[in-house]
Amino acid sequence: MNPPVFFTSGIVILAFVIAGITAGIVVDEDVLDARSWGWITGIGEYFGWLYVIAATFYVIFVLFLLFSRYGLIKLGPDDSKPEFGTMAWFAMLFTAGMGIGLVFFGVAEPTGYLESVIVEGANNPDEQAALAMSATLFHWGFHPWSIYIILGLALGYFSYRKGLPLRPASAFYPLIGDRIYKWPGHMVDILAVFGTMFGLATSLGLGSGQINAGLNAVFGVPSSMPLQIGIIAVITVVALYSVLAGIDKGIRRLSVLNMWLAIALLIIVFIFGPKLFMVNGMADWTGAFLQSLPERSLSVVTPSMNPDLAEWQANWTFFYWGWWISWAPFVGMFIARISYGRTIRQFITGVLFAPIGVTIVWFAVFGGSGMFYDLTEDAGIGSADSDRAMYQLLESLPMHDVVFLATAVLTILVVAFFFITSSDSGSLVIDILTNGGDPNPSKVQRAFWAILEGVVAAVLVAAGGAAALQTLQAASLTTGVPFAIVLVLVAFGLLKALRQENVGALQLRAAGLPAPSTGHETGPGGPDKENLESGKGVAT
């Protein structure tokens with residue numbers, strides 16, 4: 001246990017729970033909603049430029065590392081091997097990174113954009129669909145995964161190759177040195193715990209609403225706060241079992257199962273959906289996304305230029321950038337934990353391009369189908385609540401009632417498993433954060449944080465429903481501003497450390513030629529650890 005991080009984080013979060021319960025939990029949703037949107041608008045107006053510059057820098061930096069000579073460096077000793085197979089590795093990083101979001105927004109976001117300011121001026125429905133989908137893919141493409149890569153790569157490198165603990169503070173070693181073991185490092189880890197806990201609790205709250213909407217669409221079960229709290233309890237119990245079983249027996253197996261269930265759902269929707277529209281659109285929308293990428297990446301719309309478009313950019317683009325940045329400690333740390341033994345080039349290729357490919361296919365099938373029925377049959381999918389949009393699409397597909405029932409139940413399972421895998425991986429990350437970086441925390445700590453995560457989510461749902469969750473999202477956008485600068489510093493610190501590597505020897509070895517030792521055959525704690533304080537690294 002790392003007492004400063006564990007007790008500070010635990011006491012503050014428990015105080016939040018107790019305060020919510022003793023205050024009667026119920027708050028004024030209208031007030032919360034107005035204040036949260038006020039925050040989002042203010043951040044967009046005054047700090048939108050920072051998000052745009054920082055997010056674009058992350059993409060450029062990651063692509064530079066991918067094609068640079070540093071790509072041969074391993075996250076571990078030179079003779080290390082990956083801990084997990086490629087399929088299991090991808091399943092875990094994808095379900096933790098944004099699998100939940102794709103299920104929640106896969107239909108709702110593209111169809112919702114059809115009625116927004118970004119499709120104004122479109123000459124025909126096909127152009128409307130292209131504008132809506134290119135904006136969606138922009139939010140879910142290169143930028144979020146580049147954000148995750150920077151922190152995940154820094155943590156994996158400094159932990160597995162330099163012998164530092166697996167904790168966010170280690171990424172700041174080139175900047176603050178041994179102070180990562182003192183209060184500056186503890187503060188970094190505590191902030192990461194808060195971001196992970198409340199981010200996951202928000203997602204659990206959203207997930208309970210989507211599962212409740214599915215039960216309502218399939219079985220007529222009415223939406224209610226007690227039912228959503230019960231759903232959170234079930235998800236927490238399953239996630240608790242998974243996190244106690246460990247990565248290999250718990251998280252890995254659930255992630256792989258979840259991936260196959262999601263693939264099955266995608267195939268069913270493709271079979272019964274507008275196949276020609278989806279296939280043609282996939283090429284057209286990808287082209288529109290790539291063509292508009294440079295312009296969107298460097299675009300800041302001010303209220304004086306176009307007030308409606310400026311509001312849309314603040315509510316969507318800047319919100320997403322802040323949301324991905326606030327999730328970077330959780331997702332980046334989890335990806336680092338499962339990426340031991342991979343080279344930097346393998347890491348970036350797998351974490352950047354593979355998820356983007358799946359994202360394009362997913363949105364083309366689900367979002368494309370939703371847009372088709374809204375454009376041709378006025379199905380009203382885009383105007384439905386976000387948690388119900390997926391089921392509204394299923395109701396619009398030309399399928400038999402029995403097939404619809406089976407597909408809707410499968411959707412509920414996919415949603416549940418996506419939230420379970422995010423919950424258990426998030427709990428594991430918090431465990432590691434609060435015990436000083438040990439990648440294999442005790443079961444007692446795993447159980448404590450997994451249960452507390454479910455309790456926080458239940459309090460949020462009871463406190464103000466969607467308005468309380470919206471407030472946390474606005475808070476994440478606000479805290480993302482300073483952390484955007486922090487990630488830039490992490491990138492430069494990582495580059496400084498990489499420049500000290502003997503890359504020439506790695507290049508000779510890759511070519512099958514004899515090369516001198518690079519000093520990394522002994523693993524963490526070897527020759528490269530001379531400048532680190534003795535006894536503070538972790539063995540792997």
# chains A, B, ... in the order shown; residues from 1 in each chain; ligands from 1
$ residues_around --residues "Ala484 of chain A" --least-positions-apart "6" --cutoff "9 Å" --atoms "only C-alpha atoms" --output "ChimeraX atom specification"
/A:50-51,54-55,322,325-326
$ write_last_selection --atoms "C-alpha atoms" --output "CSV table (one decimal), in the first residue's frame"
chain,number,residue,atom,x,y,z
A,50,LEU,CA,-5.4,25.0,-26.2
A,51,TYR,CA,-7.3,21.7,-26.8
A,54,ALA,CA,-2.5,20.1,-27.8
A,55,ALA,CA,-4.6,17.3,-29.5
A,322,GLY,CA,-11.2,17.0,-22.5
A,325,ILE,CA,-7.5,13.6,-21.7
A,326,SER,CA,-9.2,13.0,-18.4
$ residues_around --residues "Ala336 of chain A" --least-positions-apart "3" --cutoff "9 Å" --atoms "only C-alpha atoms" --output "PyMOL selection string"
chain A and resi 75+149+151-157+159+166+331-333+339-340
$ residues_around --residues "Leu290 of chain A" --least-positions-apart "3" --cutoff "12 Å" --atoms "only C-alpha atoms" --output "VMD selection string"
chain A and resid 130 to 131 133 to 138 141 to 142 283 to 287 293 to 297 356 360
$ residues_around --residues "segment 256-265 of chain A" --least-positions-apart "4" --cutoff "10 Å" --atoms "only C-alpha atoms" --output "CSV table (one decimal) with N, CA and C atoms, in the first residue's frame"
chain,number,residue,atom,x,y,z
A,87,MET,N,-4.4,-11.1,-30.1
A,87,MET,CA,-5.9,-11.0,-30.1
A,87,MET,C,-6.4,-10.6,-28.7
A,88,ALA,N,-5.9,-11.2,-27.7
A,88,ALA,CA,-6.3,-10.9,-26.3
A,88,ALA,C,-5.8,-9.5,-25.9
A,89,TRP,N,-4.6,-9.1,-26.3
A,89,TRP,CA,-4.1,-7.8,-26.1
A,89,TRP,C,-5.0,-6.7,-26.7
A,90,PHE,N,-5.4,-6.9,-28.0
A,90,PHE,CA,-6.2,-5.9,-28.6
A,90,PHE,C,-7.6,-5.9,-28.0
A,91,ALA,N,-8.2,-7.0,-27.6
A,91,ALA,CA,-9.5,-7.1,-27.0
A,91,ALA,C,-9.5,-6.3,-25.7
A,92,MET,N,-8.5,-6.4,-24.9
A,92,MET,CA,-8.4,-5.7,-23.6
A,92,MET,C,-8.2,-4.2,-23.8
A,94,PHE,N,-9.0,-2.4,-26.3
A,94,PHE,CA,-10.1,-1.8,-27.0
A,94,PHE,C,-11.3,-1.7,-26.1
A,95,THR,N,-11.6,-2.7,-25.3
A,95,THR,CA,-12.8,-2.7,-24.4
A,95,THR,C,-12.6,-1.7,-23.3
A,99,GLY,N,-14.7,0.9,-25.9
A,99,GLY,CA,-15.7,0.0,-26.3
A,99,GLY,C,-17.1,0.5,-25.8
A,103,VAL,N,-20.7,1.7,-28.2
A,103,VAL,CA,-22.0,1.1,-28.1
A,103,VAL,C,-23.0,2.2,-27.7
A,251,ILE,N,-10.1,-10.5,-16.5
A,251,ILE,CA,-10.3,-9.4,-17.5
A,251,ILE,C,-10.1,-9.9,-18.9
A,252,ARG,N,-9.0,-10.7,-19.1
A,252,ARG,CA,-8.7,-11.1,-20.5
A,252,ARG,C,-9.9,-12.0,-21.1
A,269,VAL,N,-26.7,-6.8,-37.5
A,269,VAL,CA,-27.2,-5.5,-38.0
A,269,VAL,C,-26.8,-5.3,-39.5
A,270,PHE,N,-25.6,-5.8,-39.9
A,270,PHE,CA,-25.2,-5.6,-41.3
A,270,PHE,C,-26.0,-6.5,-42.2
A,362,TRP,N,-17.5,-0.1,-37.3
A,362,TRP,CA,-18.6,0.0,-36.3
A,362,TRP,C,-19.6,1.1,-36.6
A,366,PHE,N,-23.6,0.7,-37.7
A,366,PHE,CA,-24.6,1.1,-36.8
A,366,PHE,C,-25.1,2.5,-37.1
A,407,THR,N,-31.8,-10.2,-30.9
A,407,THR,CA,-30.8,-9.2,-31.2
A,407,THR,C,-30.8,-8.1,-30.1
A,408,ALA,N,-32.0,-7.8,-29.6
A,408,ALA,CA,-32.1,-6.8,-28.5
A,408,ALA,C,-31.4,-7.3,-27.2
A,410,LEU,N,-29.1,-9.6,-27.1
A,410,LEU,CA,-27.7,-9.6,-27.4
A,410,LEU,C,-27.1,-8.2,-27.2
A,411,THR,N,-27.8,-7.2,-27.6
A,411,THR,CA,-27.3,-5.8,-27.4
A,411,THR,C,-27.2,-5.5,-25.9
A,413,LEU,N,-26.6,-7.6,-23.5
A,413,LEU,CA,-25.5,-8.3,-23.0
A,413,LEU,C,-24.2,-7.6,-23.4
A,414,VAL,N,-24.1,-7.1,-24.7
A,414,VAL,CA,-22.9,-6.4,-25.1
A,414,VAL,C,-22.7,-5.2,-24.3
A,415,VAL,N,-23.7,-4.4,-24.1
A,415,VAL,CA,-23.6,-3.2,-23.3
A,415,VAL,C,-23.1,-3.6,-21.9
A,416,ALA,N,-23.7,-4.6,-21.3
A,416,ALA,CA,-23.4,-5.0,-19.9
A,416,ALA,C,-21.9,-5.4,-19.9
A,417,PHE,N,-21.5,-6.2,-20.8
A,417,PHE,CA,-20.1,-6.7,-20.7
A,417,PHE,C,-19.1,-5.6,-21.0
A,418,PHE,N,-19.5,-4.7,-21.9
A,418,PHE,CA,-18.5,-3.5,-22.1
A,418,PHE,C,-18.3,-2.7,-20.8
A,420,ILE,N,-18.8,-3.9,-17.8
A,420,ILE,CA,-18.1,-4.8,-16.8
A,420,ILE,C,-16.6,-4.8,-17.0
A,421,THR,N,-16.2,-4.9,-18.3
A,421,THR,CA,-14.8,-4.9,-18.6
A,421,THR,C,-14.1,-3.6,-18.3
$ atom_distance --atom1 "atom CA of Thr202 of chain A" --atom2 "atom CA of Gly454 of chain A"
10.2 Å
$ atom_distance --atom1 "atom CA of Gly504 of chain A" --atom2 "atom CA of Gly341 of chain A"
19.3 Å
$ residues_around --residues "Gln445 of chain A" --least-positions-apart "3" --cutoff "9 Å" --atoms "only C-alpha atoms" --output "list in words"
Met1, Asp431, Thr434, Asn435, Pro441, Ser442, Phe448, Trp449 and Ala450 of chain A
$ select_by_dssp --residues "segment 182-424 of chain A" --states "alpha helix (DSSP H)" --output "ChimeraX atom specification"
/A:183-219,225-246,252-272,275-297,307-313,319-337,344-348,354-362,368-377,389-396,401-424
$ atom_distance --atom1 "atom CA of Glu311 of chain A" --atom2 "atom CA of Leu191 of chain A"
28.9 Å
$ residues_around --residues "Gln210 of chain A" --least-positions-apart "4" --cutoff "9 Å" --atoms "only C-alpha atoms" --output "VMD selection string"
chain A and resid 104 205 to 206 214 to 215 386 to 388 390 412 415
$ closest_residue --among "A:Leu494, A:Ala192, A:Gly426, A:Gly76" --to "Gly163 of chain A" --atoms "only C-alpha atoms"
A:Gly76
$ decode --residues "segment 131-160 of chain A" --atoms "N, CA, C and O atoms" --output "PDB file, in the first residue's frame"
ATOM      1  N   LEU A 131     -21.024  14.457 -44.038  1.00  0.00           N
ATOM      2  CA  LEU A 131     -20.612  15.481 -43.074  1.00  0.00           C
ATOM      3  C   LEU A 131     -20.808  14.996 -41.634  1.00  0.00           C
ATOM      4  O   LEU A 131     -19.950  15.209 -40.772  1.00  0.00           O
ATOM      5  N   ALA A 132     -21.944  14.333 -41.380  1.00  0.00           N
ATOM      6  CA  ALA A 132     -22.217  13.842 -40.027  1.00  0.00           C
ATOM      7  C   ALA A 132     -21.229  12.757 -39.623  1.00  0.00           C
ATOM      8  O   ALA A 132     -20.718  12.753 -38.496  1.00  0.00           O
ATOM      9  N   MET A 133     -20.946  11.831 -40.536  1.00  0.00           N
ATOM     10  CA  MET A 133     -20.064  10.727 -40.183  1.00  0.00           C
ATOM     11  C   MET A 133     -18.606  11.168 -40.087  1.00  0.00           C
ATOM     12  O   MET A 133     -17.860  10.673 -39.227  1.00  0.00           O
ATOM     13  N   SER A 134     -18.171  12.075 -40.943  1.00  0.00           N
ATOM     14  CA  SER A 134     -16.773  12.528 -40.867  1.00  0.00           C
ATOM     15  C   SER A 134     -16.515  13.248 -39.546  1.00  0.00           C
ATOM     16  O   SER A 134     -15.438  13.118 -38.949  1.00  0.00           O
ATOM     17  N   ALA A 135     -17.514  14.003 -39.041  1.00  0.00           N
ATOM     18  CA  ALA A 135     -17.361  14.653 -37.735  1.00  0.00           C
ATOM     19  C   ALA A 135     -17.302  13.620 -36.617  1.00  0.00           C
ATOM     20  O   ALA A 135     -16.515  13.749 -35.671  1.00  0.00           O
ATOM     21  N   THR A 136     -18.113  12.565 -36.736  1.00  0.00           N
ATOM     22  CA  THR A 136     -18.096  11.497 -35.729  1.00  0.00           C
ATOM     23  C   THR A 136     -16.756  10.794 -35.697  1.00  0.00           C
ATOM     24  O   THR A 136     -16.171  10.580 -34.624  1.00  0.00           O
ATOM     25  N   LEU A 137     -16.252  10.408 -36.866  1.00  0.00           N
ATOM     26  CA  LEU A 137     -14.971   9.697 -36.929  1.00  0.00           C
ATOM     27  C   LEU A 137     -13.817  10.587 -36.457  1.00  0.00           C
ATOM     28  O   LEU A 137     -12.831  10.085 -35.898  1.00  0.00           O
ATOM     29  N   PHE A 138     -13.941  11.887 -36.673  1.00  0.00           N
ATOM     30  CA  PHE A 138     -12.924  12.810 -36.179  1.00  0.00           C
ATOM     31  C   PHE A 138     -12.819  12.740 -34.661  1.00  0.00           C
ATOM     32  O   PHE A 138     -11.725  12.742 -34.090  1.00  0.00           O
ATOM     33  N   HIS A 139     -13.961  12.636 -33.999  1.00  0.00           N
ATOM     34  CA  HIS A 139     -13.970  12.583 -32.534  1.00  0.00           C
ATOM     35  C   HIS A 139     -13.478  11.244 -31.989  1.00  0.00           C
ATOM     36  O   HIS A 139     -13.024  11.179 -30.843  1.00  0.00           O
ATOM     37  N   TRP A 140     -13.571  10.178 -32.786  1.00  0.00           N
ATOM     38  CA  TRP A 140     -13.245   8.840 -32.298  1.00  0.00           C
ATOM     39  C   TRP A 140     -12.020   8.239 -32.990  1.00  0.00           C
ATOM     40  O   TRP A 140     -11.736   7.061 -32.808  1.00  0.00           O
ATOM     41  N   GLY A 141     -11.293   9.035 -33.767  1.00  0.00           N
ATOM     42  CA  GLY A 141     -10.209   8.506 -34.579  1.00  0.00           C
ATOM     43  C   GLY A 141      -8.822   8.661 -33.994  1.00  0.00           C
ATOM     44  O   GLY A 141      -8.506   8.132 -32.920  1.00  0.00           O
ATOM     45  N   PHE A 142      -7.970   9.399 -34.693  1.00  0.00           N
ATOM     46  CA  PHE A 142      -6.553   9.484 -34.332  1.00  0.00           C
ATOM     47  C   PHE A 142      -6.306  10.208 -33.006  1.00  0.00           C
ATOM     48  O   PHE A 142      -5.401   9.829 -32.254  1.00  0.00           O
ATOM     49  N   HIS A 143      -7.072  11.239 -32.723  1.00  0.00           N
ATOM     50  CA  HIS A 143      -6.772  12.076 -31.566  1.00  0.00           C
ATOM     51  C   HIS A 143      -6.929  11.354 -30.222  1.00  0.00           C
ATOM     52  O   HIS A 143      -6.010  11.407 -29.394  1.00  0.00           O
ATOM     53  N   PRO A 144      -8.058  10.687 -29.958  1.00  0.00           N
ATOM     54  CA  PRO A 144      -8.170  10.037 -28.638  1.00  0.00           C
ATOM     55  C   PRO A 144      -7.127   8.964 -28.404  1.00  0.00           C
ATOM     56  O   PRO A 144      -6.551   8.877 -27.306  1.00  0.00           O
ATOM     57  N   TRP A 145      -6.860   8.139 -29.418  1.00  0.00           N
ATOM     58  CA  TRP A 145      -5.889   7.072 -29.213  1.00  0.00           C
ATOM     59  C   TRP A 145      -4.470   7.608 -29.101  1.00  0.00           C
ATOM     60  O   TRP A 145      -3.628   7.019 -28.414  1.00  0.00           O
ATOM     61  N   SER A 146      -4.178   8.749 -29.750  1.00  0.00           N
ATOM     62  CA  SER A 146      -2.862   9.380 -29.574  1.00  0.00           C
ATOM     63  C   SER A 146      -2.693   9.879 -28.147  1.00  0.00           C
ATOM     64  O   SER A 146      -1.602   9.801 -27.569  1.00  0.00           O
ATOM     65  N   ILE A 147      -3.782  10.387 -27.567  1.00  0.00           N
ATOM     66  CA  ILE A 147      -3.738  10.834 -26.166  1.00  0.00           C
ATOM     67  C   ILE A 147      -3.405   9.662 -25.257  1.00  0.00           C
ATOM     68  O   ILE A 147      -2.544   9.756 -24.368  1.00  0.00           O
ATOM     69  N   TYR A 148      -4.082   8.533 -25.470  1.00  0.00           N
ATOM     70  CA  TYR A 148      -3.828   7.353 -24.648  1.00  0.00           C
ATOM     71  C   TYR A 148      -2.404   6.843 -24.844  1.00  0.00           C
ATOM     72  O   TYR A 148      -1.750   6.393 -23.892  1.00  0.00           O
ATOM     73  N   ILE A 149      -1.921   6.893 -26.079  1.00  0.00           N
ATOM     74  CA  ILE A 149      -0.601   6.344 -26.391  1.00  0.00           C
ATOM     75  C   ILE A 149       0.495   7.088 -25.650  1.00  0.00           C
ATOM     76  O   ILE A 149       1.437   6.470 -25.128  1.00  0.00           O
ATOM     77  N   ILE A 150       0.417   8.398 -25.603  1.00  0.00           N
ATOM     78  CA  ILE A 150       1.505   9.179 -24.996  1.00  0.00           C
ATOM     79  C   ILE A 150       1.722   8.777 -23.542  1.00  0.00           C
ATOM     80  O   ILE A 150       2.849   8.460 -23.132  1.00  0.00           O
ATOM     81  N   LEU A 151       0.659   8.762 -22.757  1.00  0.00           N
ATOM     82  CA  LEU A 151       0.843   8.403 -21.349  1.00  0.00           C
ATOM     83  C   LEU A 151       1.106   6.909 -21.194  1.00  0.00           C
ATOM     84  O   LEU A 151       1.960   6.504 -20.397  1.00  0.00           O
ATOM     85  N   GLY A 152       0.407   6.070 -21.957  1.00  0.00           N
ATOM     86  CA  GLY A 152       0.620   4.627 -21.858  1.00  0.00           C
ATOM     87  C   GLY A 152       2.031   4.229 -22.248  1.00  0.00           C
ATOM     88  O   GLY A 152       2.658   3.386 -21.594  1.00  0.00           O
ATOM     89  N   LEU A 153       2.550   4.840 -23.306  1.00  0.00           N
ATOM     90  CA  LEU A 153       3.904   4.539 -23.756  1.00  0.00           C
ATOM     91  C   LEU A 153       4.939   5.007 -22.739  1.00  0.00           C
ATOM     92  O   LEU A 153       5.911   4.291 -22.440  1.00  0.00           O
ATOM     93  N   ALA A 154       4.724   6.197 -22.183  1.00  0.00           N
ATOM     94  CA  ALA A 154       5.658   6.706 -21.172  1.00  0.00           C
ATOM     95  C   ALA A 154       5.674   5.807 -19.941  1.00  0.00           C
ATOM     96  O   ALA A 154       6.750   5.468 -19.417  1.00  0.00           O
ATOM     97  N   LEU A 155       4.501   5.386 -19.487  1.00  0.00           N
ATOM     98  CA  LEU A 155       4.438   4.520 -18.306  1.00  0.00           C
ATOM     99  C   LEU A 155       5.071   3.165 -18.588  1.00  0.00           C
ATOM    100  O   LEU A 155       5.821   2.633 -17.761  1.00  0.00           O
ATOM    101  N   GLY A 156       4.758   2.570 -19.745  1.00  0.00           N
ATOM    102  CA  GLY A 156       5.344   1.277 -20.088  1.00  0.00           C
ATOM    103  C   GLY A 156       6.848   1.347 -20.212  1.00  0.00           C
ATOM    104  O   GLY A 156       7.568   0.451 -19.757  1.00  0.00           O
ATOM    105  N   TYR A 157       7.347   2.427 -20.803  1.00  0.00           N
ATOM    106  CA  TYR A 157       8.791   2.570 -20.999  1.00  0.00           C
ATOM    107  C   TYR A 157       9.511   2.743 -19.661  1.00  0.00           C
ATOM    108  O   TYR A 157      10.479   2.031 -19.368  1.00  0.00           O
ATOM    109  N   PHE A 158       9.068   3.694 -18.846  1.00  0.00           N
ATOM    110  CA  PHE A 158       9.769   3.979 -17.600  1.00  0.00           C
ATOM    111  C   PHE A 158       9.610   2.849 -16.583  1.00  0.00           C
ATOM    112  O   PHE A 158      10.489   2.639 -15.746  1.00  0.00           O
ATOM    113  N   SER A 159       8.494   2.122 -16.642  1.00  0.00           N
ATOM    114  CA  SER A 159       8.286   1.033 -15.690  1.00  0.00           C
ATOM    115  C   SER A 159       9.044  -0.221 -16.106  1.00  0.00           C
ATOM    116  O   SER A 159       9.832  -0.774 -15.340  1.00  0.00           O
ATOM    117  N   TYR A 160       8.815  -0.682 -17.337  1.00  0.00           N
ATOM    118  CA  TYR A 160       9.357  -1.965 -17.766  1.00  0.00           C
ATOM    119  C   TYR A 160      10.796  -1.888 -18.261  1.00  0.00           C
ATOM    120  O   TYR A 160      11.502  -2.886 -18.256  1.00  0.00           O
TER     121      TYR A 160
END
